[in-house]
$ cat structure_11.cif   # mmCIF, C-alpha atoms
data_run
#
loop_
_atom_site.label_atom_id
_atom_site.label_comp_id
_atom_site.auth_asym_id
_atom_site.auth_seq_id
_atom_site.Cartn_x
_atom_site.Cartn_y
_atom_site.Cartn_z
CA MET A 33 1.56 13.69 -6.58
CA ASN A 34 -0.01 12.52 -9.80
CA VAL A 35 -3.51 13.72 -8.85
CA GLN A 36 -4.30 17.27 -9.91
CA PHE A 37 -7.06 19.24 -8.20
CA LYS A 38 -9.08 22.01 -9.81
CA ASN A 39 -8.76 24.22 -6.73
CA ASP A 40 -7.82 24.20 -3.06
CA VAL A 41 -11.37 23.42 -1.94
CA GLU A 42 -11.36 20.23 -3.97
CA ALA A 43 -7.95 19.34 -2.54
CA ILE A 44 -9.18 19.93 1.01
CA ASP A 45 -12.20 17.69 0.40
CA ALA A 46 -9.86 14.98 -0.86
CA PHE A 47 -7.70 15.43 2.23
CA VAL A 48 -10.70 14.98 4.54
CA ASP A 49 -11.65 11.76 2.70
CA LYS A 50 -8.07 10.49 2.92
CA TYR A 51 -7.95 11.29 6.63
CA ALA A 52 -11.18 9.36 7.26
CA GLU A 53 -9.76 6.38 5.37
CA LEU A 54 -6.55 6.60 7.39
CA ARG A 55 -8.46 6.68 10.69
CA LYS A 56 -10.46 3.64 9.63
CA GLU A 57 -7.33 1.67 8.74
CA ILE A 58 -5.61 2.54 12.04
CA GLY A 59 -8.81 1.47 13.84
CA LYS A 60 -8.31 -2.08 12.53
CA VAL A 61 -5.25 -2.36 14.79
CA ILE A 62 -5.83 0.19 17.56
CA VAL A 63 -9.03 -0.34 19.54
CA GLY A 64 -10.47 2.85 21.03
CA GLN A 65 -8.19 5.84 21.76
CA ASP A 66 -10.00 7.74 18.99
CA GLU A 67 -9.21 11.17 20.42
CA VAL A 68 -5.54 10.24 20.88
CA VAL A 69 -5.18 8.99 17.30
CA LYS A 70 -6.92 12.14 16.06
CA ASN A 71 -4.53 14.41 17.97
CA VAL A 72 -1.44 12.51 16.82
CA LEU A 73 -2.55 12.77 13.18
CA MET A 74 -3.43 16.44 13.65
CA ALA A 75 0.10 17.10 14.93
CA MET A 76 1.60 15.26 11.97
CA PHE A 77 -0.47 17.06 9.34
CA SER A 78 0.36 20.32 11.15
CA ARG A 79 4.07 19.52 10.68
CA SER A 80 4.60 19.34 14.43
CA HIS A 81 5.49 16.91 17.23
CA ALA A 82 3.52 15.25 20.01
CA LEU A 83 4.18 13.98 23.53
CA LEU A 84 2.07 11.01 24.64
CA ILE A 85 1.65 10.47 28.38
CA GLY A 86 0.12 7.28 29.71
CA VAL A 87 0.70 4.26 31.90
CA PRO A 88 2.34 1.14 30.39
CA GLY A 89 0.22 -1.15 28.26
CA LEU A 90 -1.95 1.45 26.52
CA ALA A 91 -0.48 0.68 23.06
CA LYS A 92 1.44 3.96 22.69
CA THR A 93 4.25 2.29 20.71
CA LEU A 94 1.85 0.12 18.66
CA MET A 95 -0.17 3.20 17.76
CA ILE A 96 2.85 5.04 16.43
CA THR A 97 4.19 2.05 14.45
CA THR A 98 0.73 1.49 12.98
CA ILE A 99 0.51 5.12 11.84
CA ALA A 100 3.98 4.86 10.29
CA LYS A 101 2.95 1.77 8.30
CA ALA A 102 -0.33 3.33 7.15
CA ILE A 103 1.57 6.33 5.77
CA ASN A 104 4.59 4.29 4.57
CA LEU A 105 7.03 6.48 6.45
CA SER A 106 10.48 5.42 7.63
CA PHE A 107 10.37 4.74 11.35
CA ASN A 108 12.99 4.47 14.09
CA ARG A 109 12.46 3.80 17.77
CA ILE A 110 14.92 5.14 20.34
CA GLN A 111 14.64 3.62 23.80
CA PHE A 112 15.71 6.40 26.17
CA THR A 113 17.80 5.15 29.10
CA PRO A 114 20.02 6.89 31.68
CA ASP A 115 23.20 5.90 29.81
CA LEU A 116 22.01 7.05 26.36
CA MET A 117 24.39 9.58 24.79
CA PRO A 118 23.63 12.35 22.24
CA SER A 119 25.69 10.50 19.61
CA ASP A 120 23.40 7.48 20.06
CA ILE A 121 20.59 9.68 18.73
CA MET A 122 22.24 11.97 16.18
CA GLY A 123 25.05 9.77 14.89
CA THR A 124 28.81 9.90 15.06
CA GLU A 125 31.91 10.30 12.92
CA ILE A 126 34.11 7.27 12.32
CA LEU A 127 37.56 6.96 10.78
CA ASP A 128 37.44 4.96 7.52
CA GLU A 129 40.19 2.95 5.84
CA ASN A 130 41.43 6.09 4.07
CA ARG A 131 41.86 7.82 7.42
CA LYS A 132 39.02 10.21 6.71
CA PHE A 133 36.12 10.90 9.03
CA ASN A 134 32.68 9.88 7.75
CA PHE A 135 29.43 10.75 9.45
CA VAL A 136 27.30 7.73 10.28
CA LYS A 137 23.69 8.84 10.69
CA GLY A 138 21.89 7.95 13.89
CA PRO A 139 18.26 6.86 14.36
CA ILE A 140 17.08 10.50 14.33
CA PHE A 141 17.29 10.31 10.52
CA ALA A 142 13.81 8.94 9.88
CA ASN A 143 10.38 10.35 9.04
CA ILE A 144 8.92 9.26 12.38
CA VAL A 145 11.12 9.02 15.46
CA LEU A 146 9.65 7.40 18.54
CA ALA A 147 11.42 8.73 21.63
CA ASP A 148 10.26 6.01 24.01
CA GLU A 149 10.20 7.02 27.70
CA ILE A 150 11.93 10.30 26.89
CA ASN A 151 12.16 11.31 30.55
CA ARG A 152 14.48 8.40 31.42
CA THR A 153 17.56 10.07 29.96
CA PRO A 154 19.48 13.07 31.41
CA PRO A 155 18.91 16.62 30.08
CA LYS A 156 22.21 16.50 28.16
CA THR A 157 20.86 13.74 25.94
CA GLN A 158 17.34 15.16 25.82
CA SER A 159 18.81 18.38 24.42
CA ALA A 160 20.04 16.46 21.36
CA LEU A 161 16.46 16.64 20.11
CA LEU A 162 16.11 20.42 20.41
CA GLU A 163 17.72 21.38 17.10
CA ALA A 164 16.17 18.41 15.28
CA MET A 165 12.64 19.28 16.42
CA GLN A 166 12.89 23.01 15.67
CA GLU A 167 15.24 23.34 12.66
CA ARG A 168 14.78 19.79 11.34
CA SER A 169 18.53 19.41 11.07
CA VAL A 170 21.47 17.96 12.99
CA SER A 171 24.80 19.78 13.47
CA MET A 172 27.99 17.79 13.91
CA ASN A 173 31.44 19.41 13.96
CA ALA A 174 30.27 22.59 12.20
CA VAL A 175 28.47 20.59 9.48
CA THR A 176 24.67 20.68 9.27
CA TYR A 177 22.76 17.63 8.04
CA THR A 178 19.14 18.01 6.93
CA LEU A 179 16.61 15.55 8.30
CA PRO A 180 14.12 13.81 5.97
CA ASP A 181 10.83 15.51 5.12
CA PRO A 182 8.33 14.95 6.65
CA PHE A 183 9.87 14.63 10.11
CA PHE A 184 7.99 13.98 13.36
CA VAL A 185 9.10 13.26 16.90
CA LEU A 186 6.49 11.32 18.86
CA ALA A 187 7.65 10.88 22.44
CA THR A 188 6.15 8.76 25.21
CA GLN A 189 6.32 9.32 28.94
CA ASN A 190 5.17 7.25 31.90
CA PRO A 191 3.39 9.53 34.41
CA ILE A 192 3.60 7.30 37.48
CA GLU A 193 7.24 6.23 37.78
CA GLN A 194 9.55 8.83 39.29
CA GLU A 195 12.68 6.83 40.19
CA GLY A 196 15.31 7.01 37.47
CA THR A 197 13.54 9.77 35.56
CA TYR A 198 14.50 13.33 34.69
CA PRO A 199 11.93 16.12 34.22
CA LEU A 200 11.73 17.43 30.67
CA PRO A 201 13.14 20.99 30.51
CA GLU A 202 10.55 23.62 29.63
CA ALA A 203 12.37 24.36 26.35
CA GLN A 204 12.08 20.69 25.41
CA GLN A 205 8.38 20.50 26.28
CA ASP A 206 7.68 23.69 24.34
CA ARG A 207 8.85 22.00 21.13
CA PHE A 208 5.90 19.60 21.31
CA MET A 209 2.71 20.95 19.81
CA PHE A 210 0.46 18.56 21.74
CA ASN A 211 0.67 16.99 25.17
CA ILE A 212 -1.70 14.02 24.75
CA LEU A 213 -3.04 12.11 27.74
CA LEU A 214 -3.91 8.44 27.26
CA ASP A 215 -6.55 6.94 29.53
CA TYR A 216 -7.56 3.35 30.19
CA PRO A 217 -9.87 1.76 27.61
CA THR A 218 -13.53 1.25 28.39
CA PHE A 219 -14.71 -2.16 29.58
CA GLN A 220 -15.95 -3.17 26.11
CA GLU A 221 -12.85 -1.79 24.40
CA GLU A 222 -10.64 -3.87 26.69
CA ILE A 223 -12.64 -7.00 25.83
CA ASP A 224 -12.12 -6.22 22.12
CA ILE A 225 -8.39 -5.66 22.71
CA VAL A 226 -7.99 -9.02 24.46
CA LYS A 227 -9.95 -10.85 21.74
CA SER A 228 -7.90 -9.30 18.94
CA THR A 229 -4.46 -9.84 20.48
CA ILE A 230 -4.30 -13.18 22.30
CA HIS A 231 -4.17 -15.30 19.12
CA GLY A 232 -1.10 -13.56 17.70
CA ASP A 233 -2.67 -12.80 14.32
CA MET A 234 -3.09 -9.03 14.47
CA GLU A 235 -4.00 -7.38 11.19
CA GLU A 236 -1.30 -5.37 9.43
CA PRO A 237 -2.39 -1.91 8.26
CA ARG A 238 -2.22 -1.20 4.54
CA GLN A 239 -0.70 1.97 3.15
CA ILE A 240 -3.34 4.67 2.82
CA ILE A 241 -1.34 7.81 2.08
CA SER A 242 2.09 8.38 0.54
CA VAL A 243 4.94 10.58 1.69
CA GLU A 244 4.35 12.91 -1.25
CA GLU A 245 0.68 13.26 -0.34
CA ILE A 246 1.34 14.09 3.30
CA VAL A 247 3.84 16.81 2.29
CA PHE A 248 1.29 18.18 -0.20
CA TYR A 249 -1.48 18.30 2.41
CA GLN A 250 0.82 19.93 4.96
CA LYS A 251 1.49 22.76 2.49
CA LEU A 252 -2.20 22.93 1.62
CA LEU A 253 -3.16 23.46 5.27
CA GLN A 254 -0.72 26.36 5.50
CA LYS A 255 -2.82 28.24 2.91
CA VAL A 256 -6.08 28.02 4.88
CA PRO A 257 -7.42 31.57 5.54
CA ILE A 258 -7.79 32.69 9.16
CA ALA A 259 -10.00 35.53 10.39
CA GLU A 260 -8.53 38.35 12.47
CA ASN A 261 -10.75 37.62 15.48
CA VAL A 262 -9.37 34.06 15.60
CA TYR A 263 -5.80 35.41 15.76
CA GLN A 264 -6.84 37.77 18.54
CA TYR A 265 -8.60 35.06 20.53
CA ALA A 266 -5.58 32.71 20.32
CA VAL A 267 -3.11 35.39 21.45
CA ASN A 268 -5.47 36.60 24.15
CA LEU A 269 -5.87 33.07 25.52
CA ALA A 270 -2.10 32.60 25.67
CA THR A 271 -1.47 35.99 27.32
CA MET A 272 -4.15 35.31 29.95
CA THR A 273 -1.96 32.49 31.31
CA ARG A 274 0.93 34.81 32.20
CA PRO A 275 0.77 35.85 35.87
CA CYS A 276 1.57 39.41 36.91
CA THR A 277 1.04 40.83 33.42
CA THR A 278 -1.57 43.34 32.27
CA LYS A 279 -3.78 40.74 30.56
CA ALA A 280 -3.36 38.00 33.16
CA HIS A 281 -6.50 36.16 34.22
CA LYS A 282 -7.29 36.11 37.96
CA TRP A 283 -6.69 32.36 38.06
CA ALA A 284 -3.29 32.85 36.42
CA ASN A 285 -2.30 35.28 39.17
CA ASP A 286 -3.68 33.02 41.88
CA TYR A 287 -2.62 29.58 40.68
CA LEU A 288 0.22 29.83 38.15
CA THR A 289 3.93 30.51 38.52
CA TRP A 290 4.60 30.53 34.78
CA GLY A 291 2.47 31.04 31.70
CA ALA A 292 2.59 30.00 28.06
CA GLY A 293 4.99 31.68 25.63
CA PRO A 294 4.40 32.91 22.06
CA ARG A 295 4.81 29.41 20.65
CA ALA A 296 1.50 28.55 22.36
CA SER A 297 -0.25 31.25 20.32
CA GLN A 298 1.29 29.89 17.13
CA PHE A 299 0.28 26.31 17.90
CA LEU A 300 -3.26 27.37 18.88
CA ILE A 301 -3.71 28.80 15.38
CA ILE A 302 -1.98 25.89 13.63
CA GLY A 303 -3.95 23.30 15.61
CA ALA A 304 -7.26 25.13 15.13
CA ARG A 305 -6.61 25.32 11.40
CA THR A 306 -6.15 21.56 11.08
CA HIS A 307 -9.02 20.82 13.46
CA ALA A 308 -11.37 22.98 11.39
CA ILE A 309 -10.49 21.30 8.10
CA LEU A 310 -10.91 17.80 9.55
CA ASN A 311 -14.34 18.79 10.83
CA GLY A 312 -15.71 20.01 7.51
CA LYS A 313 -14.90 23.72 7.77
CA TYR A 314 -12.72 25.68 5.38
CA SER A 315 -11.51 28.19 7.95
CA PRO A 316 -11.06 27.91 11.74
CA ASP A 317 -13.20 29.75 14.26
CA ILE A 318 -12.98 30.30 18.02
CA GLU A 319 -14.54 26.91 18.75
CA ASP A 320 -11.59 25.26 16.99
CA ILE A 321 -9.19 27.17 19.26
CA LYS A 322 -11.08 25.89 22.29
CA ALA A 323 -10.99 22.33 20.94
CA VAL A 324 -7.17 22.23 20.86
CA ALA A 325 -6.47 24.44 23.89
CA HIS A 326 -6.03 21.66 26.47
CA PRO A 327 -3.35 19.55 24.70
CA ILE A 328 -1.51 22.72 23.62
CA LEU A 329 -1.50 24.56 26.94
CA ARG A 330 -1.31 21.80 29.57
CA HIS A 331 2.49 21.41 29.29
CA ARG A 332 3.19 25.12 28.90
CA ILE A 333 1.79 26.45 32.17
CA ILE A 334 3.08 25.65 35.64
CA LYS A 335 0.82 25.78 38.66
CA ASN A 336 1.95 26.98 42.09
CA TYR A 337 1.66 25.60 45.62
CA LYS A 338 -1.66 27.32 46.21
CA ALA A 339 -3.19 25.38 43.33
CA GLU A 340 -1.75 22.17 44.76
CA ALA A 341 -3.17 22.94 48.20
CA GLU A 342 -6.64 23.74 46.85
CA GLY A 343 -6.74 20.76 44.51
CA ILE A 344 -6.85 22.89 41.36
CA SER A 345 -5.51 20.99 38.35
CA ILE A 346 -3.98 22.32 35.14
CA GLU A 347 -7.08 21.09 33.31
CA ASP A 348 -9.29 23.12 35.67
CA ILE A 349 -7.26 26.25 35.00
CA ILE A 350 -7.41 25.87 31.21
CA THR A 351 -11.15 25.23 31.37
CA GLU A 352 -11.62 28.40 33.44
CA LEU A 353 -9.55 30.43 30.98
CA ILE A 354 -11.60 29.18 28.03
CA LYS A 355 -14.84 29.88 29.89
CA ASN A 356 -13.87 33.53 30.31
#

$ encode --input "structure_11.cif" --output "structure tokens"
Amino acid sequence: MNVQFKNDVEAIDAFVDKYAELRKEIGKVIVGQDEVVKNVLMAMFSRSHALLIGVPGLAKTLMITTIAKAINLSFNRIQFTPDLMPSDIMGTEILDENRKFNFVKGPIFANIVLADEINRTPPKTQSALLEAMQERSVSMNAVTYTLPDPFFVLATQNPIEQEGTYPLPEAQQDRFMFNILLDYPTFQEEIDIVKSTIHGDMEEPRQIISVEEIVFYQKLLQKVPIAENVYQYAVNLATMTRPCTTKAHKWANDYLTWGAGPRASQFLIIGARTHAILNGKYSPDIEDIKAVAHPILRHRIIKNYKAEAEGISIEDIITELIKN
């Protein structure tokens, strides 16, 4: 970056201004879905990944491509299908004219990777993303290849179709910082969507932030100070979800078969840190933990048959945990 800041506070203020400008530019293409866009950007600035769940036609793919253009990041889309193989994602080795094997990089080698309908491919292929999402590298025949920086996996999933789908393993889901639910637009938003799309002249977003800037701001966020009581609240909230443990909440014992692991505690702090900065604070507090609890915990806890029978949802359980 060419811009030099006097101190971290000045840099954070510049980041908040840049974020507001980025949101405004994305809003020229994406109508509504403000909370979804906010969570996706929070995951990206937190150096993490996000899983978007919503019915077809809610502009999940358009949203991600728009964000990639506004940040000028390299972007690849992988359409997950039942016959997709791990090599179709990571790449493969081919024999060249000199009879030597050369590694041809797959679509995973991009700043933003859209794993479209990730639950349509078998677990063997889904597992190809595990190393990439955690270590940001790909191993092929004992050789490790580093992925570009920054690197984000943004996956989509259709919640209503069950035929031809494979549940995401818990280890795979745990790699995603946020599980983001997309809802239908409001009546007025849908009118605006129809008006802006039927003529085929949708506005292209302009670049708002560079790759160098996003890496700089990611590192800046990692230096944000966090109070001890915030750490304690995050860990306490995660441990309350674990049934049959000493700190388990009553609802966890009654309605859950499995609770959130330590990665949930980490992401609660990371998410709260970014949420605080984007809302004009220089350090997160407990309210910031509560603000990110639902998208962080909803895919990390598993409810039991009693919860199903009594009509208790995952959202209800998280709300009850936060309340207490």

$ resolve_selection --input "structure_11.cif" --expression "the PyMOL selection byres ((chain A and resi 298-314) around 7)" --output "list in words"
Val48, Met74, Ser78, Met209, Leu253, Tyr263, Ala266, Pro294, Arg295, Ala296, Ser297, Ser315, Pro316, Asp320, Ile321, Val324, Ala325 and Ile328 of chain A

$ atom_distance --input "structure_11.cif" --atom1 "CA of Lys60 (chain A)" --atom2 "CA of Thr98 (chain A)"
9.7 Å

$ residues_around --input "structure_11.cif" --residues "Cys276 (chain A)" --least-positions-apart "3" --cutoff "10 Å" --atoms "all atoms listed in the file" --output "PyMOL selection string"
chain A and resi 272-273+279-282+284-286+288-291

$ residues_around --input "structure_11.cif" --residues "region 100-111 of chain A" --least-positions-apart "6" --cutoff "7 Å" --atoms "all atoms listed in the file" --output "PDB file with C-alpha atoms, in the coordinates of the input"
ATOM      1  CA  PRO A 139      18.260   6.860  14.360  1.00  0.00           C
ATOM      2  CA  ALA A 142      13.810   8.940   9.880  1.00  0.00           C
ATOM      3  CA  ASN A 143      10.380  10.350   9.040  1.00  0.00           C
ATOM      4  CA  ILE A 144       8.920   9.260  12.380  1.00  0.00           C
ATOM      5  CA  VAL A 145      11.120   9.020  15.460  1.00  0.00           C
ATOM      6  CA  LEU A 146       9.650   7.400  18.540  1.00  0.00           C
ATOM      7  CA  ALA A 147      11.420   8.730  21.630  1.00  0.00           C
ATOM      8  CA  ASP A 148      10.260   6.010  24.010  1.00  0.00           C
ATOM      9  CA  GLU A 149      10.200   7.020  27.700  1.00  0.00           C
ATOM     10  CA  PRO A 237      -2.390  -1.910   8.260  1.00  0.00           C
ATOM     11  CA  ARG A 238      -2.220  -1.200   4.540  1.00  0.00           C
ATOM     12  CA  GLN A 239      -0.700   1.970   3.150  1.00  0.00           C
ATOM     13  CA  ILE A 240      -3.340   4.670   2.820  1.00  0.00           C
ATOM     14  CA  ILE A 241      -1.340   7.810   2.080  1.00  0.00           C
ATOM     15  CA  SER A 242       2.090   8.380   0.540  1.00  0.00           C
ATOM     16  CA  VAL A 243       4.940  10.580   1.690  1.00  0.00           C
TER      17      VAL A 243
END

$ resolve_selection --input "structure_11.cif" --expression "the PyMOL selection byres ((chain A and resi 113-126) around 7)" --output "MDAnalysis selection string"
chainID A and resid 111:112 127:128 133:140 152:154 157 160 170

$ resolve_selection --input "structure_11.cif" --expression "the PyMOL selection byres ((chain A and resi 188) around 7)" --output "NGL selection string"
:A and (83-85 or 147-150 or 186-187 or 189-190)

$ closest_residue --input "structure_11.cif" --among "A:Met95, A:Ile212, A:Ala82, A:Ile246" --to "Met165 (chain A)" --atoms "all atoms listed in the file"
A:Ala82

$ closest_residue --input "structure_11.cif" --among "A:Thr271, A:Asn211, A:Gln250, A:Thr218" --to "Val68 (chain A)" --atoms "all atoms listed in the file"
A:Asn211

$ axis_aligned_box --input "structure_11.cif" --around "region 138-141 of chain A" --padding-each-side "4 Å" --output "AutoDock Vina command-line options"
--center_x 19.5 --center_y 8.7 --center_z 12.4 --size_x 12.8 --size_y 11.6 --size_z 11.8

$ closest_residue --input "structure_11.cif" --among "A:Leu269, A:Leu353, A:Ile258, A:Met172" --to "Tyr287 (chain A)" --atoms "all atoms listed in the file"
A:Leu353

$ residues_around --input "structure_11.cif" --residues "Ala43 (chain A)" --least-positions-apart "5" --cutoff "8 Å" --atoms "only C-alpha atoms" --output "list in words"
Phe37, Lys38 and Leu252 of chain A

$ decode --input "structure_11.cif" --residues "region 115-170 of chain A" --atoms "C-alpha atoms" --output "compact mmCIF listing (two decimals), in the first residue's frame"
# COMPACT_ATOMS: atom_id res chain seq x y z
CA ASP A 115 -19.30 -36.92 -10.82
CA LEU A 116 -16.86 -34.17 -9.79
CA MET A 117 -13.45 -35.55 -8.78
CA PRO A 118 -10.86 -34.07 -6.36
CA SER A 119 -8.48 -33.46 -9.28
CA ASP A 120 -11.16 -31.32 -10.93
CA ILE A 121 -10.80 -28.96 -7.97
CA MET A 122 -7.12 -29.13 -7.00
CA GLY A 123 -5.49 -29.84 -10.36
CA THR A 124 -3.59 -32.74 -11.82
CA GLU A 125 -0.18 -33.77 -13.10
CA ILE A 126 0.29 -34.27 -16.83
CA LEU A 127 3.16 -35.75 -18.81
CA ASP A 128 4.83 -33.13 -21.02
CA GLU A 129 6.79 -33.58 -24.24
CA ASN A 130 9.98 -34.16 -22.22
CA ARG A 131 8.30 -37.02 -20.38
CA LYS A 132 8.26 -35.07 -17.13
CA PHE A 133 5.22 -34.57 -14.93
CA ASN A 134 4.01 -30.98 -14.57
CA PHE A 135 1.33 -29.88 -12.15
CA VAL A 136 -1.57 -28.08 -13.82
CA LYS A 137 -3.36 -25.97 -11.23
CA GLY A 138 -7.08 -26.44 -10.78
CA PRO A 139 -9.75 -23.79 -10.13
CA ILE A 140 -8.98 -23.80 -6.38
CA PHE A 141 -6.04 -21.51 -7.20
CA ALA A 142 -7.90 -18.21 -7.04
CA ASN A 143 -8.53 -15.50 -4.44
CA ILE A 144 -12.25 -16.26 -4.29
CA VAL A 145 -13.54 -19.76 -5.00
CA LEU A 146 -17.27 -20.22 -5.36
CA ALA A 147 -18.19 -23.80 -4.47
CA ASP A 148 -21.64 -23.78 -6.05
CA GLU A 149 -24.10 -26.31 -4.58
CA ILE A 150 -21.34 -27.88 -2.51
CA ASN A 151 -23.62 -30.61 -1.17
CA ARG A 152 -24.17 -32.14 -4.62
CA THR A 153 -20.80 -33.90 -4.67
CA PRO A 154 -19.77 -36.97 -2.60
CA PRO A 155 -17.71 -36.59 0.62
CA LYS A 156 -14.55 -37.78 -1.18
CA THR A 157 -14.62 -34.71 -3.39
CA GLN A 158 -15.84 -32.39 -0.64
CA SER A 159 -12.78 -33.39 1.39
CA ALA A 160 -10.53 -31.89 -1.30
CA LEU A 161 -11.40 -28.52 0.21
CA LEU A 162 -10.38 -29.38 3.78
CA GLU A 163 -6.64 -28.71 3.45
CA ALA A 164 -7.20 -25.69 1.21
CA MET A 165 -9.59 -24.03 3.65
CA GLN A 166 -7.48 -24.66 6.76
CA GLU A 167 -3.83 -24.58 5.61
CA ARG A 168 -4.40 -22.53 2.44
CA SER A 169 -2.37 -25.03 0.46
CA VAL A 170 -2.83 -28.04 -1.80
